[in-house]
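Novice: Sharing model-v2.cif below, mmCIF, C-alpha atoms and all ligand atoms:
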data_coords
loop_
_atom_site.label_atom_id
_atom_site.label_comp_id
_atom_site.auth_asym_id
_atom_site.auth_seq_id
_atom_site.Cartn_x
_atom_site.Cartn_y
_atom_site.Cartn_z
CA MET A 1 -66.79 -68.65 -5.26
CA LYS A 2 -70.31 -69.34 -4.06
CA MET A 3 -73.18 -67.64 -5.85
CA LYS A 4 -76.87 -68.11 -6.14
CA LEU A 5 -78.11 -68.49 -9.67
CA SER A 6 -81.59 -67.80 -10.88
CA ASN A 7 -83.45 -68.44 -14.08
CA GLU A 8 -84.30 -64.77 -14.28
CA ASP A 9 -80.63 -63.85 -14.25
CA ILE A 10 -79.70 -66.42 -16.88
CA SER A 11 -82.41 -65.26 -19.26
CA SER A 12 -81.85 -61.64 -18.32
CA VAL A 13 -82.54 -59.01 -20.92
CA ARG A 14 -79.20 -57.43 -20.04
CA VAL A 15 -77.33 -60.45 -21.35
CA ARG A 16 -79.44 -60.40 -24.51
CA GLN A 17 -78.51 -56.75 -24.91
CA ILE A 18 -74.79 -57.57 -24.73
CA GLU A 19 -75.39 -60.31 -27.29
CA ARG A 20 -77.26 -57.96 -29.56
CA ILE A 21 -74.59 -55.25 -29.47
CA SER A 22 -71.67 -57.67 -29.81
CA GLY A 23 -73.29 -59.98 -32.34
CA GLU A 24 -72.09 -62.92 -30.20
CA ASP A 25 -73.94 -65.83 -28.61
CA VAL A 26 -72.61 -66.37 -25.08
CA ARG A 27 -73.80 -70.00 -25.09
CA LYS A 28 -71.41 -70.92 -27.89
CA CYS A 29 -68.49 -70.85 -25.44
CA TYR A 30 -67.59 -74.20 -23.85
CA GLN A 31 -65.12 -72.77 -21.37
CA CYS A 32 -61.91 -74.24 -22.74
CA GLY A 33 -59.97 -71.22 -21.50
CA ASN A 34 -57.93 -70.71 -24.69
CA CYS A 35 -58.89 -67.05 -24.79
CA SER A 36 -57.65 -66.42 -21.27
CA GLY A 37 -54.48 -68.33 -22.05
CA GLY A 38 -53.78 -66.27 -25.17
CA CYS A 39 -54.91 -62.92 -23.82
CA PRO A 40 -51.83 -60.76 -23.18
CA VAL A 41 -53.55 -58.81 -20.40
CA SER A 42 -55.32 -61.61 -18.50
CA PHE A 43 -52.87 -61.00 -15.67
CA GLU A 44 -54.24 -57.49 -15.22
CA MET A 45 -57.94 -58.34 -15.58
CA GLU A 46 -60.05 -58.77 -12.47
CA ILE A 47 -62.06 -61.31 -14.47
CA PRO A 48 -60.14 -62.97 -17.35
CA PRO A 49 -61.83 -63.33 -20.78
CA SER A 50 -63.19 -66.89 -20.47
CA GLN A 51 -64.67 -66.04 -17.09
CA VAL A 52 -66.28 -62.90 -18.46
CA VAL A 53 -68.16 -65.19 -20.83
CA ARG A 54 -69.01 -67.58 -18.00
CA PHE A 55 -70.44 -64.78 -15.91
CA LEU A 56 -72.53 -63.68 -18.88
CA GLN A 57 -73.72 -67.24 -19.47
CA LEU A 58 -74.91 -67.26 -15.88
CA GLY A 59 -76.56 -63.89 -16.24
CA ARG A 60 -74.20 -62.17 -13.81
CA VAL A 61 -73.81 -58.90 -15.66
CA ASP A 62 -73.14 -56.80 -12.54
CA GLU A 63 -69.95 -58.72 -11.80
CA VAL A 64 -68.47 -58.12 -15.26
CA MET A 65 -69.61 -54.51 -15.31
CA ALA A 66 -67.80 -53.90 -12.02
CA ALA A 67 -64.56 -55.56 -13.17
CA ASN A 68 -61.76 -53.71 -14.97
CA SER A 69 -61.58 -56.32 -17.76
CA MET A 70 -63.37 -54.31 -20.44
CA TRP A 71 -61.11 -51.29 -19.89
CA VAL A 72 -57.90 -53.31 -19.91
CA CYS A 73 -58.66 -55.26 -23.08
CA VAL A 74 -56.29 -54.03 -25.81
CA GLY A 75 -58.46 -55.33 -28.66
CA CYS A 76 -55.65 -57.52 -29.98
CA LEU A 77 -58.07 -60.27 -31.09
CA GLN A 78 -55.87 -63.06 -29.82
CA CYS A 79 -58.90 -64.44 -27.94
CA TYR A 80 -60.97 -64.61 -31.09
CA SER A 81 -58.09 -65.88 -33.17
CA ARG A 82 -57.54 -68.81 -30.82
CA CYS A 83 -61.12 -69.65 -29.85
CA PRO A 84 -62.05 -73.07 -31.22
CA LYS A 85 -65.71 -72.01 -31.23
CA GLY A 86 -65.21 -68.74 -33.09
CA VAL A 87 -66.36 -66.67 -30.14
CA SER A 88 -65.11 -63.09 -29.92
CA VAL A 89 -64.69 -62.13 -26.29
CA ALA A 90 -63.19 -58.93 -27.70
CA ALA A 91 -66.61 -58.07 -29.17
CA MET A 92 -68.35 -58.84 -25.89
CA LEU A 93 -65.94 -56.62 -23.97
CA GLU A 94 -66.46 -53.87 -26.51
CA ALA A 95 -70.22 -54.30 -26.10
CA LEU A 96 -69.79 -53.92 -22.35
CA ARG A 97 -67.78 -50.73 -22.89
CA GLN A 98 -70.40 -49.50 -25.31
CA THR A 99 -73.18 -49.93 -22.76
CA VAL A 100 -71.30 -47.42 -20.60
CA LEU A 101 -70.11 -45.02 -23.31
CA ARG A 102 -73.47 -44.92 -25.08
CA LYS A 103 -74.96 -43.51 -21.92
CA GLY A 104 -72.55 -40.64 -22.24
CA GLU A 105 -70.34 -41.77 -19.37
CA ASP A 106 -66.64 -41.29 -20.10
CA PHE A 107 -64.01 -43.63 -18.73
CA GLU A 108 -61.25 -41.10 -19.44
CA LYS A 109 -61.52 -37.34 -19.36
CA ILE A 110 -59.67 -35.81 -22.28
CA LYS A 111 -58.89 -32.68 -20.29
CA ASP A 112 -57.07 -34.77 -17.67
CA LEU A 113 -54.65 -36.41 -20.10
CA PRO A 114 -51.07 -35.24 -19.57
CA TYR A 115 -49.92 -32.67 -22.09
CA PRO A 116 -46.60 -34.40 -22.96
CA PHE A 117 -48.57 -37.52 -23.89
CA LEU A 118 -50.97 -35.56 -26.12
CA LYS A 119 -48.03 -33.86 -27.77
CA LYS A 120 -45.83 -36.89 -28.37
CA ALA A 121 -48.19 -39.84 -28.80
CA PRO A 122 -48.95 -41.14 -32.27
CA GLN A 123 -52.32 -39.85 -33.49
CA GLN A 124 -53.57 -43.39 -33.79
CA ALA A 125 -53.10 -43.89 -30.02
CA LEU A 126 -55.17 -40.81 -29.30
CA VAL A 127 -57.96 -41.57 -31.75
CA CYS A 128 -58.12 -45.21 -30.73
CA GLY A 129 -57.98 -44.36 -27.02
CA PHE A 130 -60.79 -41.84 -27.42
CA ARG A 131 -62.90 -44.43 -29.19
CA LYS A 132 -62.35 -46.97 -26.46
CA PHE A 133 -62.63 -44.68 -23.44
CA VAL A 134 -64.65 -41.60 -24.32
CA SER A 135 -68.35 -41.39 -25.18
CA MET B 1 -45.92 -48.44 -61.62
CA LYS B 2 -47.89 -45.93 -59.54
CA ILE B 3 -49.86 -47.19 -56.58
CA PRO B 4 -52.46 -45.04 -54.82
CA TYR B 5 -51.32 -44.61 -51.25
CA TYR B 6 -53.02 -43.71 -47.99
CA PRO B 7 -50.50 -42.43 -45.40
CA GLY B 8 -52.91 -41.87 -42.51
CA CYS B 9 -52.58 -39.30 -39.72
CA THR B 10 -49.63 -40.73 -37.82
CA LEU B 11 -47.42 -41.07 -40.89
CA ASN B 12 -48.23 -37.51 -41.75
CA THR B 13 -47.01 -36.27 -38.36
CA VAL B 14 -44.96 -38.13 -35.74
CA ALA B 15 -43.99 -41.00 -38.05
CA LYS B 16 -43.00 -38.95 -41.09
CA HIS B 17 -39.76 -40.91 -41.33
CA PHE B 18 -41.77 -44.12 -41.79
CA ASP B 19 -43.61 -42.49 -44.69
CA ALA B 20 -40.57 -40.86 -46.29
CA SER B 21 -38.35 -43.94 -46.12
CA ALA B 22 -41.11 -46.02 -47.73
CA ARG B 23 -41.61 -43.56 -50.58
CA ASP B 24 -37.88 -43.41 -51.25
CA ALA B 25 -37.51 -47.17 -51.15
CA ALA B 26 -40.43 -47.50 -53.56
CA VAL B 27 -38.71 -45.25 -56.07
CA SER B 28 -35.56 -47.31 -56.00
CA MET B 29 -37.66 -50.47 -56.40
CA GLY B 30 -39.34 -49.04 -59.47
CA PHE B 31 -42.76 -48.01 -58.22
CA GLU B 32 -44.27 -44.83 -56.89
CA MET B 33 -46.53 -44.30 -53.91
CA GLU B 34 -49.04 -41.78 -55.09
CA GLU B 35 -50.72 -40.11 -52.13
CA LEU B 36 -54.50 -39.79 -52.42
CA ALA B 37 -55.54 -36.28 -53.37
CA GLN B 38 -57.99 -36.25 -50.51
CA TRP B 39 -58.06 -38.35 -47.38
CA ASN B 40 -59.16 -38.30 -43.75
CA CYS B 41 -58.41 -40.28 -40.58
CA CYS B 42 -59.43 -43.95 -40.81
CA GLY B 43 -60.71 -43.91 -37.23
CA ALA B 44 -57.71 -45.84 -35.90
CA THR B 45 -59.82 -48.72 -34.67
CA PHE B 46 -62.21 -51.05 -36.42
CA PRO B 47 -65.43 -51.17 -34.40
CA LEU B 48 -65.57 -54.59 -32.78
CA THR B 49 -69.32 -54.46 -32.33
CA PRO B 50 -71.13 -55.04 -35.62
CA ASP B 51 -73.92 -52.60 -34.80
CA ASN B 52 -71.49 -49.66 -34.70
CA LEU B 53 -71.88 -48.36 -38.24
CA ILE B 54 -70.86 -44.82 -37.41
CA GLY B 55 -67.32 -46.13 -36.86
CA LEU B 56 -67.27 -47.29 -40.47
CA THR B 57 -68.07 -43.94 -42.01
CA ALA B 58 -64.58 -42.41 -41.78
CA PRO B 59 -62.78 -45.39 -43.34
CA ALA B 60 -65.55 -45.79 -45.92
CA LYS B 61 -65.02 -42.19 -46.96
CA VAL B 62 -61.30 -42.91 -47.44
CA LEU B 63 -62.14 -45.96 -49.51
CA SER B 64 -64.65 -44.21 -51.68
CA ASN B 65 -62.16 -41.40 -52.42
CA ALA B 66 -59.47 -43.96 -53.15
CA ARG B 67 -61.72 -45.83 -55.57
CA LYS B 68 -61.85 -42.68 -57.67
CA ALA B 69 -58.05 -42.88 -57.99
CA GLY B 70 -57.85 -46.53 -58.98
CA ASP B 71 -58.70 -50.10 -58.02
CA THR B 72 -55.89 -50.61 -55.51
CA LEU B 73 -54.95 -48.82 -52.31
CA THR B 74 -51.79 -49.35 -50.35
CA THR B 75 -50.99 -48.40 -46.75
CA LEU B 76 -48.09 -48.74 -44.36
CA CYS B 77 -49.48 -48.34 -40.86
CA SER B 78 -50.74 -51.69 -39.58
CA VAL B 79 -53.77 -50.07 -37.98
CA CYS B 80 -54.84 -48.14 -41.09
CA TYR B 81 -54.39 -51.34 -43.06
CA ASN B 82 -56.53 -53.30 -40.63
CA VAL B 83 -59.31 -50.72 -40.44
CA LEU B 84 -59.46 -50.07 -44.19
CA LYS B 85 -59.34 -53.71 -45.15
CA ARG B 86 -62.01 -54.76 -42.68
CA THR B 87 -64.28 -51.85 -43.56
CA ASN B 88 -63.84 -52.67 -47.21
CA LYS B 89 -65.01 -56.21 -46.56
CA VAL B 90 -68.15 -54.97 -44.81
CA MET B 91 -68.86 -52.59 -47.69
CA LYS B 92 -68.48 -55.44 -50.12
CA ASP B 93 -70.32 -58.18 -48.28
CA SER B 94 -73.21 -56.48 -46.53
CA LYS B 95 -75.79 -54.87 -48.73
CA GLU B 96 -77.65 -53.38 -45.80
CA LYS B 97 -74.64 -51.85 -44.06
CA ARG B 98 -73.32 -50.58 -47.37
CA ALA B 99 -76.58 -48.75 -47.98
CA VAL B 100 -76.59 -47.16 -44.52
CA VAL B 101 -72.93 -46.10 -44.60
CA ASN B 102 -73.13 -44.81 -48.18
CA GLY B 103 -76.27 -42.89 -47.29
CA PHE B 104 -74.42 -41.25 -44.45
CA ILE B 105 -71.28 -40.28 -46.35
CA GLU B 106 -73.20 -39.49 -49.53
CA GLU B 107 -71.16 -41.79 -51.71
CA GLU B 108 -71.80 -44.91 -53.75
CA TYR B 109 -68.91 -47.10 -52.71
CA ASP B 110 -69.24 -50.85 -53.36
CA GLY B 111 -66.21 -52.43 -51.69
CA SER B 112 -64.40 -53.07 -54.98
CA LEU B 113 -61.00 -51.76 -53.90
CA ASN B 114 -58.09 -54.08 -53.37
CA ILE B 115 -56.39 -53.03 -50.11
CA ILE B 116 -52.77 -54.09 -49.93
CA HIS B 117 -50.02 -53.48 -47.45
CA TYR B 118 -46.65 -52.19 -48.60
CA LEU B 119 -45.23 -55.58 -47.61
CA GLU B 120 -47.62 -57.20 -50.06
CA VAL B 121 -46.50 -54.85 -52.80
CA LEU B 122 -42.92 -55.97 -52.18
CA ARG B 123 -43.81 -59.64 -51.90
CA ASP B 124 -46.49 -60.02 -54.57
CA ARG B 125 -45.89 -57.28 -57.12
CA VAL B 126 -42.16 -56.59 -56.98
CA GLY B 127 -41.15 -59.97 -55.58
CA PHE B 128 -38.56 -60.60 -52.87
CA VAL B 129 -36.17 -61.99 -55.49
CA LYS B 130 -36.11 -58.59 -57.19
CA VAL B 131 -35.79 -56.87 -53.82
CA LYS B 132 -32.78 -59.04 -53.11
CA GLU B 133 -31.22 -58.12 -56.45
CA ALA B 134 -31.65 -54.44 -55.66
CA VAL B 135 -29.79 -54.67 -52.36
CA LYS B 136 -26.63 -52.57 -52.37
CA ARG B 137 -25.80 -52.59 -48.70
CA PRO B 138 -26.61 -56.08 -47.41
CA LEU B 139 -27.38 -56.30 -43.71
CA LYS B 140 -24.84 -59.01 -43.27
CA GLY B 141 -24.58 -60.38 -39.78
CA VAL B 142 -27.43 -58.28 -38.39
CA LYS B 143 -29.70 -60.42 -36.26
CA ALA B 144 -33.16 -58.95 -36.70
CA GLY B 145 -36.36 -59.76 -34.87
CA CYS B 146 -39.48 -59.03 -36.94
CA TYR B 147 -42.26 -57.70 -34.76
CA TYR B 148 -45.71 -58.08 -36.35
CA GLY B 149 -47.93 -57.07 -33.47
CA CYS B 150 -51.68 -57.57 -33.87
CA MET B 151 -53.27 -55.49 -36.56
CA LEU B 152 -51.16 -56.67 -39.47
CA LEU B 153 -52.38 -60.22 -38.89
CA ARG B 154 -55.74 -60.46 -37.17
CA PRO B 155 -58.43 -61.48 -37.72
CA PHE B 156 -57.07 -63.89 -40.28
CA GLU B 157 -60.25 -64.24 -42.35
CA ASP B 158 -60.46 -60.48 -42.92
CA ILE B 159 -56.75 -59.65 -43.23
CA GLY B 160 -55.10 -62.78 -44.58
CA ILE B 161 -51.74 -61.21 -45.39
CA ASP B 162 -50.11 -64.28 -43.89
CA ASN B 163 -50.64 -67.13 -41.45
CA ALA B 164 -51.95 -65.51 -38.25
CA GLU B 165 -49.92 -67.71 -35.89
CA ARG B 166 -46.76 -68.33 -37.89
CA PRO B 167 -46.31 -65.50 -40.35
CA THR B 168 -43.15 -65.26 -42.46
CA VAL B 169 -43.61 -62.29 -44.80
CA PHE B 170 -41.58 -59.95 -42.63
CA GLU B 171 -38.77 -62.47 -42.14
CA ASP B 172 -38.70 -63.23 -45.86
CA LEU B 173 -38.19 -59.54 -46.57
CA LEU B 174 -35.43 -59.17 -43.97
CA ARG B 175 -33.70 -62.26 -45.34
CA ALA B 176 -33.83 -60.77 -48.83
CA LEU B 177 -32.10 -57.72 -47.38
CA GLY B 178 -29.29 -59.93 -46.13
CA ALA B 179 -30.17 -59.94 -42.44
CA GLU B 180 -30.20 -62.98 -40.24
CA VAL B 181 -33.70 -63.33 -38.85
CA VAL B 182 -34.42 -64.36 -35.31
CA ASP B 183 -37.68 -66.03 -34.40
CA PHE B 184 -39.10 -65.09 -31.01
CA PRO B 185 -42.20 -66.07 -29.07
CA ASN B 186 -43.79 -62.64 -28.71
CA LYS B 187 -43.57 -61.51 -32.32
CA ILE B 188 -47.36 -61.62 -32.79
CA GLU B 189 -48.29 -60.34 -29.34
CA CYS B 190 -49.64 -56.91 -28.44
CA CYS B 191 -47.39 -53.98 -27.44
CA GLY B 192 -50.06 -52.51 -25.15
CA ALA B 193 -51.68 -50.45 -27.92
CA HIS B 194 -53.95 -47.59 -26.80
CA LEU B 195 -53.31 -48.35 -23.15
CA ALA B 196 -50.45 -45.93 -23.78
CA MET B 197 -53.13 -43.44 -22.78
CA ASN B 198 -53.78 -44.64 -19.26
CA ASN B 199 -51.93 -47.76 -18.23
CA GLU B 200 -48.19 -47.40 -18.53
CA ASP B 201 -47.49 -50.41 -16.35
CA VAL B 202 -49.27 -52.77 -18.69
CA VAL B 203 -47.61 -51.21 -21.73
CA VAL B 204 -44.16 -51.56 -20.17
CA ARG B 205 -44.88 -55.15 -19.34
CA LEU B 206 -46.21 -56.09 -22.80
CA SER B 207 -43.65 -54.12 -24.78
CA GLY B 208 -41.01 -55.41 -22.41
CA ASN B 209 -42.03 -58.99 -23.12
CA VAL B 210 -41.68 -58.32 -26.84
CA MET B 211 -38.23 -56.79 -26.52
CA THR B 212 -36.78 -59.18 -23.96
CA SER B 213 -38.12 -62.22 -25.79
CA ALA B 214 -36.52 -60.99 -29.04
CA VAL B 215 -33.23 -60.14 -27.38
CA GLY B 216 -33.33 -63.42 -25.49
CA MET B 217 -33.38 -65.20 -28.84
CA GLY B 218 -30.39 -63.18 -30.01
CA ALA B 219 -31.99 -60.21 -31.77
CA GLU B 220 -29.82 -57.09 -32.10
CA LEU B 221 -32.53 -55.11 -33.84
CA ILE B 222 -36.34 -55.09 -33.78
CA VAL B 223 -38.19 -54.14 -36.93
CA THR B 224 -41.76 -52.80 -36.80
CA SER B 225 -44.57 -51.85 -39.15
CA CYS B 226 -46.78 -49.82 -36.85
CA PRO B 227 -46.15 -46.38 -35.35
CA LEU B 228 -47.93 -47.34 -32.14
CA CYS B 229 -45.81 -50.48 -31.71
CA GLN B 230 -42.75 -48.34 -32.44
CA TYR B 231 -43.83 -45.71 -29.89
CA ASN B 232 -44.71 -48.19 -27.13
CA LEU B 233 -41.52 -50.16 -27.55
CA GLU B 234 -39.36 -47.05 -27.67
CA LYS B 235 -41.08 -45.40 -24.75
CA SER B 236 -40.93 -48.52 -22.58
CA GLN B 237 -37.28 -49.18 -23.27
CA PRO B 238 -35.79 -47.26 -20.27
CA LYS B 239 -38.19 -48.82 -17.76
CA VAL B 240 -37.70 -52.29 -19.19
CA SER B 241 -33.92 -51.87 -18.95
CA GLU B 242 -34.32 -50.75 -15.37
CA ARG B 243 -36.53 -53.68 -14.43
CA THR B 244 -34.84 -56.48 -16.34
CA ALA B 245 -31.51 -57.80 -15.17
CA GLY B 246 -29.08 -58.26 -18.03
CA TYR B 247 -31.20 -56.36 -20.55
CA ALA B 248 -29.46 -53.32 -22.00
CA GLY B 249 -31.94 -52.23 -24.67
CA VAL B 250 -32.24 -52.89 -28.38
CA PRO B 251 -32.60 -50.56 -31.37
CA ILE B 252 -36.08 -50.42 -32.91
CA ALA B 253 -36.72 -49.22 -36.45
CA TYR B 254 -39.43 -49.21 -39.09
CA PHE B 255 -38.98 -51.90 -41.71
CA THR B 256 -38.89 -49.24 -44.42
CA GLN B 257 -35.87 -47.56 -42.82
CA ILE B 258 -34.09 -50.91 -42.86
CA LEU B 259 -35.24 -51.50 -46.42
CA GLY B 260 -33.87 -48.11 -47.50
CA LEU B 261 -30.62 -48.82 -45.71
CA ALA B 262 -30.20 -52.11 -47.56
CA LEU B 263 -31.14 -50.51 -50.87
CA GLY B 264 -28.16 -48.22 -50.42
CA GLN B 265 -29.94 -44.97 -49.70
CA PRO B 266 -28.00 -42.25 -47.89
CA VAL B 267 -28.11 -43.10 -44.20
CA GLU B 268 -28.79 -39.46 -43.25
CA GLY B 269 -32.04 -39.56 -45.23
CA LEU B 270 -33.54 -42.54 -43.44
CA GLY B 271 -34.69 -40.67 -40.35
CA PHE B 272 -32.85 -42.88 -37.85
CA GLU B 273 -32.26 -39.81 -35.70
CA LYS B 274 -36.03 -39.58 -35.19
CA ASN B 275 -36.12 -43.01 -33.56
CA ALA B 276 -35.74 -42.98 -29.80
CA THR B 277 -33.17 -45.75 -29.93
CA ASP B 278 -29.82 -45.42 -31.66
CA ILE B 279 -29.18 -47.95 -34.40
CA MET B 280 -25.82 -46.45 -35.41
CA PRO B 281 -23.54 -48.37 -33.01
CA LEU B 282 -24.97 -51.62 -34.35
CA LEU B 283 -24.51 -50.59 -37.98
CA GLN B 284 -20.96 -49.47 -37.28
CA LYS B 285 -20.16 -52.65 -35.42
CA LYS B 286 -21.35 -54.71 -38.39
CA GLY B 287 -19.40 -52.56 -40.83
CA ILE B 288 -22.56 -51.51 -42.68
CA VAL B 289 -21.90 -47.80 -42.36
S1 LIG C 1 -61.62 -69.74 -26.24
FE1 LIG C 1 -63.76 -69.57 -26.90
S2 LIG C 1 -64.76 -71.47 -26.19
FE2 LIG C 1 -62.78 -71.30 -25.12
S3 LIG C 1 -63.29 -70.25 -23.19
FE3 LIG C 1 -62.70 -68.66 -24.62
S4 LIG C 1 -64.62 -67.99 -25.60
FE4 LIG C 1 -65.01 -69.93 -24.59
S1 LIG C 2 -58.88 -58.73 -27.57
FE1 LIG C 2 -58.95 -58.22 -25.39
S2 LIG C 2 -59.76 -60.03 -24.37
FE2 LIG C 2 -59.13 -60.64 -26.42
S3 LIG C 2 -57.05 -61.42 -26.15
FE3 LIG C 2 -56.86 -59.27 -26.71
S4 LIG C 2 -56.80 -58.15 -24.79
FE4 LIG C 2 -57.54 -60.22 -24.32
#
For the file at hand, write its structure as structure tokens.
Ligand code: SF4
Ligand code: SF4
Specialist:
Amino acid sequence: MKMKLSNEDISSVRVRQIERISGEDVRKCYQCGNCSGGCPVSFEMEIPPSQVVRFLQLGRVDEVMAANSMWVCVGCLQCYSRCPKGVSVAAMLEALRQTVLRKGEDFEKIKDLPYPFLKKAPQQALVCGFRKFVS
Amino acid sequence: MKIPYYPGCTLNTVAKHFDASARDAAVSMGFEMEELAQWNCCGATFPLTPDNLIGLTAPAKVLSNARKAGDTLTTLCSVCYNVLKRTNKVMKDSKEKRAVVNGFIEEEYDGSLNIIHYLEVLRDRVGFVKVKEAVKRPLKGVKAGCYYGCMLLRPFEDIGIDNAERPTVFEDLLRALGAEVVDFPNKIECCGAHLAMNNEDVVVRLSGNVMTSAVGMGAELIVTSCPLCQYNLEKSQPKVSERTAGYAGVPIAYFTQILGLALGQPVEGLGFEKNATDIMPLLQKKGIV
């Protein structure tokens, strides 16, 4: 993929915001790809975990915001568990979600969830899902 | 021995058989799970962003109530365990966060509880040797795959119940119960978790990988410790059978049901009928019931 990089993007305040919310330093990652290899949902992500970090390192926040990766992440912590640098992509993806949810924008509408699911699902699935998808 | 116990929402509703079988097994192992007089939902997810203190208030409230009942708290659900244990660590280690959270919940909790999983009670307090001695109905010839999932194990530095990549606690228990354990590649991988809400395809694929990898290694039974793992596996079973040539399904049960079975409790009381998969043909085939 060809893209034009700029210093402004790389030192963008939006990346610093993701770092502040997640408590992570995007520059710590050296792109080994372990996280993407271990992530059980890489196959479904438009941008896999290691590349999410790469985009952030390059200041390309729009690309990661537009991708489904943050909404597909199951929070299993395999990425963090296997990262040789102790980076938590899981925290970065949660920070990305939080930048949406904290604006009051829901990813899921509770009223649209199918009734049989609400009735049968374990409470923990509902509470966890609401925390991940609803503002 | 009485141990203060936090059931959590799911064990109080759709996974009542997980709760009941654990309490019964405890009694026959010589300890009692004493439910907290007052408890609330743990929040079902530990906030992954460290600035999200509001997500710590619900579990901190549970912890502060539990501290009034003793210095130890035990849980069964992997997610409750994960959330409570991680919150407890924050309350212990961070003076600033402790002050904010305590201020919000109007408590003075200091992180001094010891949070242990039921498996740890069996391993570290009762001891698997004693468990083995108490077995009345050994699970001879049953090939069991122990499914850990995520929350029982990760992150290692906060949870530490066992090695995060090669855990054995579950297998050690099943061996003590007389079963033959089967190792399988996906035993520490995710079932799809909360994507149950909006992404069935991914859940079927992940849960399917867990079940087919276990069965591929010879498992005749999958044992779980989390109601969401149990739900996702059970719910995915028909679709996985449809999509996977040669796969005909596998019974899935909570480890406490299997424990109760081995301890000789009446089979009718173990809640197997509440599981979506039928374990009975397997138990009959092995001559256990
Ligand atoms: S495992 Fe860690 S260092 Fe390697 S690519 Fe992923 S975040 Fe970067
Ligand atoms: S926490 Fe998310 S990004 Fe990390 S391995 Fe799990 S699903 Fe992938």
Novice: Using all atoms listed in the file, select each residue of chain A with any atom at most 8 Å away from an atom of chain B, and give the selection as an mmCIF file with C-alpha atoms, keeping the file's coordinate frame.
Specialist:
data_model
loop_
_atom_site.group_PDB
_atom_site.id
_atom_site.type_symbol
_atom_site.label_atom_id
_atom_site.label_comp_id
_atom_site.auth_asym_id
_atom_site.auth_seq_id
_atom_site.Cartn_x
_atom_site.Cartn_y
_atom_site.Cartn_z
ATOM 1 C CA ILE A 21 -74.590 -55.250 -29.470
ATOM 2 C CA SER A 22 -71.670 -57.670 -29.810
ATOM 3 C CA GLY A 23 -73.290 -59.980 -32.340
ATOM 4 C CA PRO A 40 -51.830 -60.760 -23.180
ATOM 5 C CA VAL A 41 -53.550 -58.810 -20.400
ATOM 6 C CA GLU A 44 -54.240 -57.490 -15.220
ATOM 7 C CA VAL A 72 -57.900 -53.310 -19.910
ATOM 8 C CA VAL A 74 -56.290 -54.030 -25.810
ATOM 9 C CA CYS A 76 -55.650 -57.520 -29.980
ATOM 10 C CA LEU A 77 -58.070 -60.270 -31.090
ATOM 11 C CA GLN A 78 -55.870 -63.060 -29.820
ATOM 12 C CA TYR A 80 -60.970 -64.610 -31.090
ATOM 13 C CA SER A 81 -58.090 -65.880 -33.170
ATOM 14 C CA ALA A 90 -63.190 -58.930 -27.700
ATOM 15 C CA ALA A 91 -66.610 -58.070 -29.170
ATOM 16 C CA MET A 92 -68.350 -58.840 -25.890
ATOM 17 C CA GLU A 94 -66.460 -53.870 -26.510
ATOM 18 C CA ALA A 95 -70.220 -54.300 -26.100
ATOM 19 C CA LEU A 113 -54.650 -36.410 -20.100
ATOM 20 C CA PHE A 117 -48.570 -37.520 -23.890
ATOM 21 C CA LYS A 120 -45.830 -36.890 -28.370
ATOM 22 C CA ALA A 121 -48.190 -39.840 -28.800
ATOM 23 C CA PRO A 122 -48.950 -41.140 -32.270
ATOM 24 C CA GLN A 123 -52.320 -39.850 -33.490
ATOM 25 C CA GLN A 124 -53.570 -43.390 -33.790
ATOM 26 C CA ALA A 125 -53.100 -43.890 -30.020
ATOM 27 C CA LEU A 126 -55.170 -40.810 -29.300
ATOM 28 C CA VAL A 127 -57.960 -41.570 -31.750
ATOM 29 C CA CYS A 128 -58.120 -45.210 -30.730
ATOM 30 C CA GLY A 129 -57.980 -44.360 -27.020
ATOM 31 C CA ARG A 131 -62.900 -44.430 -29.190
#
Novice: Select the residues contacting ligand LIG 1 (chain C) at a distance of at most 12 Å, based on all atoms listed in the file, then format the selection as JSON, numbers by chain.
Specialist: {"A": [24, 25, 26, 27, 28, 29, 30, 31, 32, 33, 34, 35, 36, 37, 38, 39, 42, 48, 49, 50, 51, 52, 53, 54, 55, 56, 57, 77, 78, 79, 80, 81, 82, 83, 84, 85, 86, 87, 88, 89, 90, 91, 92, 93]}
Novice: Mind pulling up the distance from CA of Asp110 in chain B to CA of Asn88 in chain B?
Specialist: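 Distance reported for this atom pair: 8.4 Å.
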Novice: Could you check which of A:Leu96, A:Cys73, A:Leu101, A:Ile47 is closest to ligand LIG 2 (chain C), using all atoms listed in the file?
Specialist: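 Once distances to ligand LIG 2 (chain C) are computed over all atoms listed in the file, the minimum belongs to A:Cys73.
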Novice: Would you please work out which residue, of A:Gly59, A:Ser69, A:Ile10, A:Val64, is nearest to Met45 in chain A when using only C-alpha atoms?
Specialist: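 The shortest atom-to-atom distance to Met45 in chain A comes from A:Ser69.
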Novice: Taking only C-alpha atoms into account, which of B:Ala37, B:Val223, B:Leu261, B:Leu113 comes nearest Thr72 in chain B?
Specialist: B:Leu113
Novice: Which polymer residues have any atom within 12 Å of an atom of His17 in chain B, counting all atoms listed in the file, with same-chain residues fewer than 3 positions away left out, as a ChimeraX atom specification?
Specialist: /B:7,10-14,20-25,76,227,230,253-258,260,268-275
Novice: Looking at all atoms listed in the file, which of A:Phe107, A:Phe133, A:Trp71, A:Tyr115 is the one that sits closest to ligand LIG 2 (chain C)?
Specialist: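 Smallest separation from ligand LIG 2 (chain C) among the options: A:Trp71.
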Novice: Would you please work out which residue, of A:Val15, A:Met1, A:Met70, A:Leu58, is nearest to ligand LIG 2 (chain C) when using all atoms listed in the file?
Specialist: A:Met70
Novice: Return the single residue from A:Glu46, A:Glu8, A:Glu63, A:Asp106 that is closest to ligand LIG 2 (chain C), with distances computed using only C-alpha atoms and all ligand atoms.
Specialist: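 Ranked by minimum distance to ligand LIG 2 (chain C), first place goes to A:Glu46.
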